[in-house]
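Accompanying notes for the structure given below.
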Amino acid sequence: MGLTKRWLGIALAMGVLALARPVVADVFTVADIRIQGLQRVSAGTVFNLLPVNVGDTVDEVAIRQLIRLLFQSGYFRDIRMGREGDVLIVTLAERPAIDSIEIDGNKSIKTDALLDGLGKQGLKEGEIFKQATLERVDLELERQYVAQGRYGAIIDAKVEQLPRNRVAIKIDIEEGKTSGIRHINMVGNTAFDEEQLLDVMELKHPGWFSFFRNDDKYSREKLAGDLEKVESYYKDRGYVEFEIESTQVSITPDKRQVYITMNLREGDVYTVRNVDLVGELNEVSPDALRALFMVKPGQTFSAALVAATEKNLTTALGNSGYTFATASGIPEVHEGGIVDVRFFVESGKRAYVRRVEFTGNTVTQDEVLRREMRQLEGGWASTALIELSKVRLERLGYFKTVNVETPEVAGTDDQIDVVYTVEEQPSGSISATLGYAQTAGLIVGAGYQESNVLGTGNSLSLQLSWSEWQRAVAMNYFNPYFTQDGISRGYNLYYRETDFDQQNIATYSTDAYGAGVNFGFPIAETRRIGFGLTTEYTSITEGVFPAQEISEFIDDEGDTFLNFKGMLSWSSSTLNRGLFPTAGRSQSIALEIAVPGSDLSFYKITYQGQQYLPLGRGFALRARTELGFGDALPGSDTLPFYEHFYAGGFGSVRGFKQNTLGPRSTPSAIDPYDPEGDPFGGNLLVEGSFELIFPLPFAKDSARPVVFFDWGNVFNTNCPNVSRVCDDFDYDLLRYSAGVSVTWLTGMGPMTFGLAKTFNVGPFDEDETFQFELGRTF
């Protein structure tokens with residue numbers, strides 16, 4: 001009985017094994033191949049994976065290899081092979097497809113960034129689902145949160161089965177709080193105390209302002225950056241052999257705080273003895289490269305100066321066509337605190353530009369981009385010219401981003417292509433404006449503006465505006481490349497009705513219309529000169545309480561004038577962007593003169609300059625100056641009063657009402673509203689300002705807050721005899737103000753708010769603490 005049971009068990013086991021094996025004969029010739037069980041994967045894909053065709057001979061070993069190949073594709077969770085006669089039957093069970101991925105609970109890492117990371121791991125909508133991939137992703141997400149100091153983060157991934165062999169993945173994230181730094185401990189530092197080293201680091205001990213600066217929250221990336229900063233701090237001060245031997249991060253049991261310990265080995269301070277240049281330089285002069293050395297004998301060794309020298313050398317070689325040149329500064333340490341620095345240079349072959357190409361410009365014509373190029377096809381590749389061409393494209397204002405690549409030409413070792421990839425942005429607008437400003441009241445306007453008409457790079461502007469102080473219609477057209485050499489030409493037509501009493505100026509109004517043409521000539525990459533001619537007709541109407549100065553001028557000169565104004569200008573700009581710059585400078589000088597044949601004879605000269613100094617982390621300093629002077633030429637007695645300069649308000653000395661500084665008019669009768677007269681302006685303008693620009697984290701690109709200090713005034717060097725309030729230039733008469741201002745880019749245009757405190761206020765000056773304006777940027 002026992003023996004019978006044993007044989008029965010063996011027989012059953014062998015039957016199970018037989019069923020588990022593929023049902024195929026040992027060897028047979030394939031007459032056909034039949035695929036079963038496919039849903040999304042095409043039969044063609046399977047046939048491409050199977051290295052067997054009709055007529056081939058297969059055996060059991062070949063069958064196992066075929067199954068292994070199909071499994072390696074990742075498409076299938078189960079594979080079976082059998083035969084019916086000489087027909088090979090392949091039965092497949094596909095893995096499910098990912099129908100959707102939903103992530104919930106993430107705040108510190110954006111959903112798009114997480115989905116992008118999941119996609120790189122092979123987990124994205126439409127792809128084949130693999131449980132192993134999901135488990136690997138769980139670990140990767142946890143690693144990312146741990147790197148941010150969120151040791152308590154919990155990742156819970158769930159898979160929901162859907163009809164038609166699909167799955168939905170939901171990932172619930174509980175981020176937890178970032179672990180705070182309890183203490184940072186330095187071990188081995190003797191040359192610099194712990195406070196000095198902590199000042200270098202981004203991570204800090206908890207302090208009064210930590211809640212605002214968030215610098216006491218642990219992050220692996222921040223710690224790695226701080227380790228580099230500490231190392232640079234030492235090596236920039238002569239400690240060539242400094243190293244951080246180890247770093248320990250300990251976390252408290254509740255995972256809320258961490259302790260950081262850094263073990264340092266300082267070494268000795270080294271002085272540079274010799275600096276040498278070795279390597280293959282080809283046609284580049286060694287003396288020219290040595291002149292670029294920032295490291296000098298006798299200096300305390302500085303890794304920063306070594307890096308700066310490396311950059312100088314590679315830039316100089318790149319500008320000479322050696323695009324792939326490398327330079328490495330290697331310190332050789334000797335006894336007695338001495339170090340020699342040798343710069344190893346490998347210039348390689350000079351590279352030439354085969355083609356300059358553009359991609360992404362669907363509207364802007366290639367010609368518009370090509371005329372900005374300073375790197376020419378067929379010439380040797382210059383790093384400086386390639387970068388300068390990129391900057392010129394960015395300054396056009398047509399593109400959101402500009403990137404450049406220099407791929408090598410296949411089959412050559414001395415040719416490259418220069419490929420500029422641009423992303424276009426809207427360059428025009430059709431607008432209707434309804435706004436309000438303190439100085440102009442209600443503003444209604446409509447306009448069309450396009451700075452890239454039909455992709456030609458030309459600009460066209462049509463404007464219509466109405467407010468309490470001005471009604472105007474204007475048209476401007478500008479062609480920046482009237483000639484291939486970069487000579488520009490522009491036209492303008494305008495009509496204006498202006499009531500200056502509404503702008504805090506003496507009571508008079510003007511009707512003016514005119515037309516002009518101007519040309520600009522490039523004299524350098526960032527400098528231009530220009531000249532133009534404008535024909536202007538002006539009619540003057542006195543107000544209810546006319547000023548004696550205006551009445552005297554009209555009696556002498558009349559109330560209608562036809563003038564021909566010539567203009568000569570010089571400008572230079574190295575600003576890093578057109579709106580809200582943070583680096584660079586701009587300057588302009590303009591001379592406007594009434595040419596012979598005009599009813600009046602006068603001239604005006606103005607200077608405007610500004611300088612931006614970046615301070616890092618979004619902070620910058622701005623210094624601004626504006627000067628103006630005008631006077632009569634032979635044939636007239638004085639500068640026309642309606643050509644006067646004015647000061648006060650936004651764009652001038654903030655905190656004072658718009659245009660209210662300087663000389664005032666003398667009423668011809670008692671003015672019940674303003675017995676002291678109205679602001680009258682003058683022929684001399686002196687003003688400037690200093691600003692500290694700081695970033696707004698939540699509106700980096702759309703808002704600019706500043707702390708400012710303004711100064712200035714308007715004077716008259718040729719005061720009329722009837723004037724009672726009129727002064728020549730005097731330092732004691734300069735007005736000052738300080739405060740804060742914010743400019744915000746809105747749908748209606750730039751909107752500016754300011755709070756200011758004024759100083760050295762005169763008896764007739766008008767100040768206001770809060771100011772608001774729509775339509776001006778600084």
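Every chain in the structure tokens has a letter given in the order shown (A, B, ...), and although residue numbers restart at 1 in each chain, ligands are simply numbered from 1 in the order shown.
Every residue of region 540-756 of chain A found in alpha helix (DSSP H) when DSSP is run on the backbone appears here: A:Gln548, A:Glu549, A:Ile550, A:Ser551, A:Glu552, A:Phe553, A:Ile554, A:Asp555, A:Asp556, A:Glu557.
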Written file, previous selection with N, CA, C and O atoms, as a compact mmCIF listing (two decimals), in the first residue's frame:
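What landed in out.txt:
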```
# COMPACT_ATOMS: atom_id res chain seq x y z
N GLN A 548 2.38 136.67 -15.66
CA GLN A 548 3.01 137.81 -16.30
C GLN A 548 4.14 137.37 -17.23
O GLN A 548 4.38 137.99 -18.27
N GLU A 549 4.84 136.30 -16.88
CA GLU A 549 5.93 135.81 -17.72
C GLU A 549 5.40 135.36 -19.08
O GLU A 549 6.03 135.62 -20.13
N ILE A 550 4.23 134.72 -19.08
CA ILE A 550 3.65 134.24 -20.33
C ILE A 550 3.15 135.42 -21.16
O ILE A 550 3.36 135.49 -22.38
N SER A 551 2.48 136.36 -20.50
CA SER A 551 1.98 137.53 -21.22
C SER A 551 3.13 138.31 -21.84
O SER A 551 3.04 138.78 -22.99
N GLU A 552 4.23 138.45 -21.08
CA GLU A 552 5.39 139.17 -21.61
C GLU A 552 5.99 138.45 -22.81
O GLU A 552 6.35 139.09 -23.81
N PHE A 553 6.05 137.11 -22.75
CA PHE A 553 6.61 136.35 -23.87
C PHE A 553 5.71 136.49 -25.12
O PHE A 553 6.21 136.68 -26.23
N ILE A 554 4.39 136.38 -24.93
CA ILE A 554 3.48 136.49 -26.08
C ILE A 554 3.54 137.89 -26.68
O ILE A 554 3.50 138.06 -27.91
N ASP A 555 3.66 138.92 -25.84
CA ASP A 555 3.78 140.29 -26.36
C ASP A 555 5.02 140.44 -27.21
O ASP A 555 5.01 141.15 -28.23
N ASP A 556 6.11 139.77 -26.81
CA ASP A 556 7.38 139.92 -27.54
C ASP A 556 7.45 139.01 -28.76
O ASP A 556 7.98 139.40 -29.81
N GLU A 557 6.96 137.77 -28.64
CA GLU A 557 7.19 136.78 -29.68
C GLU A 557 5.93 136.36 -30.44
O GLU A 557 6.03 135.76 -31.52
```
Determine, for each residue of region 677-700 of chain A having at least one atom at most 6 Å from an atom of region 653-663 of chain A, the closest pair of atoms and their separation in Å to one decimal, counting only C-alpha atoms; order by chain and ascending number, as JSON lines.
```
{"residue": "A:Pro679", "atom": "CA", "partner": "A:Thr660", "partner_atom": "CA", "distance": 5.2}
{"residue": "A:Phe680", "atom": "CA", "partner": "A:Pro663", "partner_atom": "CA", "distance": 5.6}
{"residue": "A:Gly681", "atom": "CA", "partner": "A:Pro663", "partner_atom": "CA", "distance": 5.7}
```
For the residues in that selection, give me all heavy atoms as a tab-separated table (two decimals), in the first residue's frame.
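What follows is the written file selection13.tsv:
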```
chain	number	residue	atom	x	y	z
A	679	PRO	N	3.86	126.54	-10.65
A	679	PRO	CA	5.20	126.14	-11.12
A	679	PRO	C	5.38	126.54	-12.58
A	679	PRO	O	4.50	126.37	-13.42
A	679	PRO	CB	5.17	124.62	-10.95
A	679	PRO	CG	4.17	124.37	-9.87
A	679	PRO	CD	3.12	125.42	-10.05
A	680	PHE	N	6.57	127.09	-12.86
A	680	PHE	CA	6.84	127.65	-14.19
A	680	PHE	C	8.03	126.97	-14.88
A	680	PHE	O	8.27	127.17	-16.06
A	680	PHE	CB	7.09	129.15	-14.05
A	680	PHE	CG	7.08	129.89	-15.35
A	680	PHE	CD1	5.94	129.88	-16.14
A	680	PHE	CD2	8.19	130.57	-15.79
A	680	PHE	CE1	5.92	130.57	-17.36
A	680	PHE	CE2	8.18	131.26	-17.00
A	680	PHE	CZ	7.02	131.26	-17.78
A	681	GLY	N	8.77	126.14	-14.13
A	681	GLY	CA	9.93	125.48	-14.72
A	681	GLY	C	11.08	126.43	-14.94
A	681	GLY	O	11.05	127.62	-14.57
```
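Close contacts of region 540-544 of chain A, defined as residues with an atom at most 7 Å away when counting only C-alpha atoms, with chain neighbours fewer than 6 positions off set aside, comprise Thr507, Tyr508, Ser509, Thr510, Asp511, Asp559 and Thr560 of chain A.
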Restricting it to N, CA and C atoms, dump the selection as a CSV table (one decimal), in the first residue's frame.
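See part_18.csv below for the written result:
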```
chain,number,residue,atom,x,y,z
A,507,THR,N,-1.0,128.4,-15.7
A,507,THR,CA,-2.2,128.3,-16.5
A,507,THR,C,-2.0,128.7,-17.9
A,508,TYR,N,-1.8,127.8,-18.8
A,508,TYR,CA,-1.8,128.0,-20.2
A,508,TYR,C,-2.0,126.7,-20.9
A,509,SER,N,-2.4,126.7,-22.2
A,509,SER,CA,-2.6,125.5,-22.9
A,509,SER,C,-1.9,125.7,-24.3
A,510,THR,N,-1.6,124.5,-24.9
A,510,THR,CA,-1.0,124.6,-26.2
A,510,THR,C,-1.7,123.6,-27.1
A,511,ASP,N,-1.8,123.9,-28.4
A,511,ASP,CA,-2.2,123.0,-29.5
A,511,ASP,C,-0.9,122.9,-30.4
A,559,ASP,N,1.9,134.4,-30.3
A,559,ASP,CA,1.3,133.2,-29.7
A,559,ASP,C,1.2,132.0,-30.7
A,560,THR,N,1.7,132.1,-31.9
A,560,THR,CA,1.8,131.0,-32.8
A,560,THR,C,3.2,130.9,-33.4
```
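Between Arg395 (chain A) and the residues A:Asn576, A:Thr326, A:Asn319, A:Thr534, the shortest atom-to-atom distance, using only C-alpha atoms, involves A:Asn576.
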Could you give me, as a ChimeraX atom specification, each residue of region 235-362 of chain A that DSSP assigns to strand (DSSP E) when run on this structure's backbone? /A:243-251,257-265,271-280,326-334,338-346,352-359
Counting only C-alpha atoms, what is within 9 Å of region 66-78 of chain A, bar same-chain residues fewer than 3 positions away, as a PyMOL selection string?
chain A and resi 41+46+49-52+61-63+81+91-96+128-130
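Between CA of Leu134 (chain A) and CA of Ile171 (chain A) the separation is 10.0 Å.
Separating CA of Tyr603 (chain A) from CA of Thr625 (chain A) is a distance of 20.6 Å.
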Computed gap from CA of Thr57 (chain A) to CA of Val27 (chain A) is 6.8 Å
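Within 8 Å of region 367-381 of chain A, once only C-alpha atoms are used and residues closer than 5 positions along the same chain are dropped, the contacting residues are Gly318, Asn319, Ser320, Gly321, Tyr322, Thr323, Arg350, Ala351, Tyr352, Val353, Arg354, Arg355, Val356, Phe358, Ile386, Leu388, Ser389, Arg392, Leu393, Ile416, Gly455, Thr456, Gly457 and Gln484 of chain A.
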If you keep N, CA, C and O atoms, can you produce a file of those selected residues as a CSV table (one decimal), in the first residue's frame?
```
chain,number,residue,atom,x,y,z
A,318,GLY,N,39.6,80.6,-27.1
A,318,GLY,CA,38.3,80.5,-27.8
A,318,GLY,C,38.1,81.6,-28.8
A,318,GLY,O,37.5,81.5,-29.9
A,319,ASN,N,38.5,82.8,-28.4
A,319,ASN,CA,38.3,84.0,-29.2
A,319,ASN,C,39.3,83.9,-30.5
A,319,ASN,O,39.0,84.6,-31.4
A,320,SER,N,40.3,83.1,-30.4
A,320,SER,CA,41.2,82.9,-31.5
A,320,SER,C,40.9,81.7,-32.4
A,320,SER,O,41.7,81.3,-33.2
A,321,GLY,N,39.7,81.1,-32.1
A,321,GLY,CA,39.3,80.0,-32.9
A,321,GLY,C,39.5,78.7,-32.3
A,321,GLY,O,39.0,77.7,-32.9
A,322,TYR,N,40.1,78.6,-31.2
A,322,TYR,CA,40.4,77.3,-30.6
A,322,TYR,C,39.2,77.0,-29.6
A,322,TYR,O,39.4,77.1,-28.4
A,323,THR,N,38.1,76.6,-30.2
A,323,THR,CA,36.9,76.5,-29.4
A,323,THR,C,36.9,75.4,-28.3
A,323,THR,O,36.3,75.5,-27.3
A,350,ARG,N,42.3,74.7,-34.6
A,350,ARG,CA,41.4,75.8,-34.7
A,350,ARG,C,40.1,75.4,-35.4
A,350,ARG,O,40.2,74.7,-36.4
A,351,ALA,N,39.0,75.8,-34.9
A,351,ALA,CA,37.7,75.4,-35.4
A,351,ALA,C,37.1,76.5,-36.3
A,351,ALA,O,37.2,77.7,-35.9
A,352,TYR,N,36.5,76.1,-37.4
A,352,TYR,CA,35.8,77.0,-38.3
A,352,TYR,C,34.3,76.8,-38.3
A,352,TYR,O,33.9,75.7,-38.1
A,353,VAL,N,33.6,77.8,-38.5
A,353,VAL,CA,32.1,77.7,-38.5
A,353,VAL,C,31.6,77.4,-39.9
A,353,VAL,O,31.9,78.1,-40.9
A,354,ARG,N,31.0,76.2,-40.1
A,354,ARG,CA,30.5,75.8,-41.3
A,354,ARG,C,29.1,76.5,-41.6
A,354,ARG,O,29.0,77.1,-42.7
A,355,ARG,N,28.2,76.5,-40.7
A,355,ARG,CA,26.9,77.1,-40.9
A,355,ARG,C,26.4,77.8,-39.6
A,355,ARG,O,26.8,77.3,-38.5
A,356,VAL,N,25.7,78.9,-39.7
A,356,VAL,CA,25.0,79.5,-38.6
A,356,VAL,C,23.5,79.2,-38.9
A,356,VAL,O,23.0,79.6,-39.9
A,358,PHE,N,19.2,78.8,-37.3
A,358,PHE,CA,18.3,79.3,-36.4
A,358,PHE,C,17.1,78.3,-36.3
A,358,PHE,O,16.6,77.9,-37.4
A,386,ILE,N,30.4,84.5,-30.7
A,386,ILE,CA,29.2,83.7,-30.6
A,386,ILE,C,28.3,84.1,-29.5
A,386,ILE,O,27.1,84.2,-29.6
A,388,LEU,N,28.4,87.2,-28.1
A,388,LEU,CA,27.9,88.5,-28.4
A,388,LEU,C,26.6,88.5,-29.3
A,388,LEU,O,25.7,89.2,-29.2
A,389,SER,N,26.7,87.5,-30.3
A,389,SER,CA,25.5,87.4,-31.2
A,389,SER,C,24.3,86.9,-30.4
A,389,SER,O,23.2,87.4,-30.6
A,392,ARG,N,22.9,90.0,-28.6
A,392,ARG,CA,22.2,90.9,-29.5
A,392,ARG,C,20.8,90.3,-29.8
A,392,ARG,O,19.9,91.1,-29.9
A,393,LEU,N,20.7,89.0,-29.9
A,393,LEU,CA,19.3,88.4,-30.1
A,393,LEU,C,18.4,88.7,-28.9
A,393,LEU,O,17.2,89.0,-29.0
A,416,ILE,N,32.6,73.4,-36.9
A,416,ILE,CA,31.4,73.3,-36.1
A,416,ILE,C,30.3,74.1,-36.8
A,416,ILE,O,30.5,74.9,-37.7
A,455,GLY,N,7.3,90.0,-38.8
A,455,GLY,CA,8.6,89.3,-38.7
A,455,GLY,C,9.7,90.1,-39.3
A,455,GLY,O,10.8,89.5,-39.4
A,456,THR,N,9.6,91.3,-39.6
A,456,THR,CA,10.6,92.1,-40.3
A,456,THR,C,11.6,92.8,-39.4
A,456,THR,O,12.6,93.3,-39.8
A,457,GLY,N,11.2,92.9,-38.1
A,457,GLY,CA,12.0,93.6,-37.1
A,457,GLY,C,11.7,95.1,-37.1
A,457,GLY,O,12.3,95.8,-36.2
A,484,GLN,N,21.9,97.9,-44.7
A,484,GLN,CA,22.5,96.6,-44.1
A,484,GLN,C,23.6,96.9,-43.1
A,484,GLN,O,23.9,96.1,-42.3
```
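Distances from A:Ala316, A:Val725, A:Ala703, A:Leu684 to Thr743 (chain A) were compared using only C-alpha atoms, and the smallest one belongs to A:Ala703.
For the residues A:Asn683, A:Ser302, A:Asn274, A:Thr638, ranking by smallest atom-to-atom distance to Ser232 (chain A) using only C-alpha atoms places A:Ser302 first.
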With only C-alpha atoms as the counted atoms, please give the residues lying no more than 12 Å from Ile98 (chain A), apart from itself and same-chain residues fewer than 6 positions off, as a PyMOL selection string.
chain A and resi 119+122-131+134+159-170
Just want the 10 Å neighbourhood of Glu691 (chain A), counted on only C-alpha atoms, with same-chain residues fewer than 5 positions away dropped. Output as a ChimeraX atom specification.
/A:612,620-624,705-710,738-741
Using only C-alpha atoms, the residue out of A:Trp208, A:Tyr448, A:Tyr145, A:Tyr234 with shortest distance to Phe192 (chain A) is A:Tyr234
Using only C-alpha atoms, the shortest atom-to-atom distance to Val686 (chain A) among A:Cys726, A:Leu733, A:Leu281, A:Ala590 belongs to A:Leu733
Counting only C-alpha atoms, closest pick from A:Ser250, A:Asn718, A:Asn282, A:Asn106 relative to Phe629 (chain A) is A:Asn718
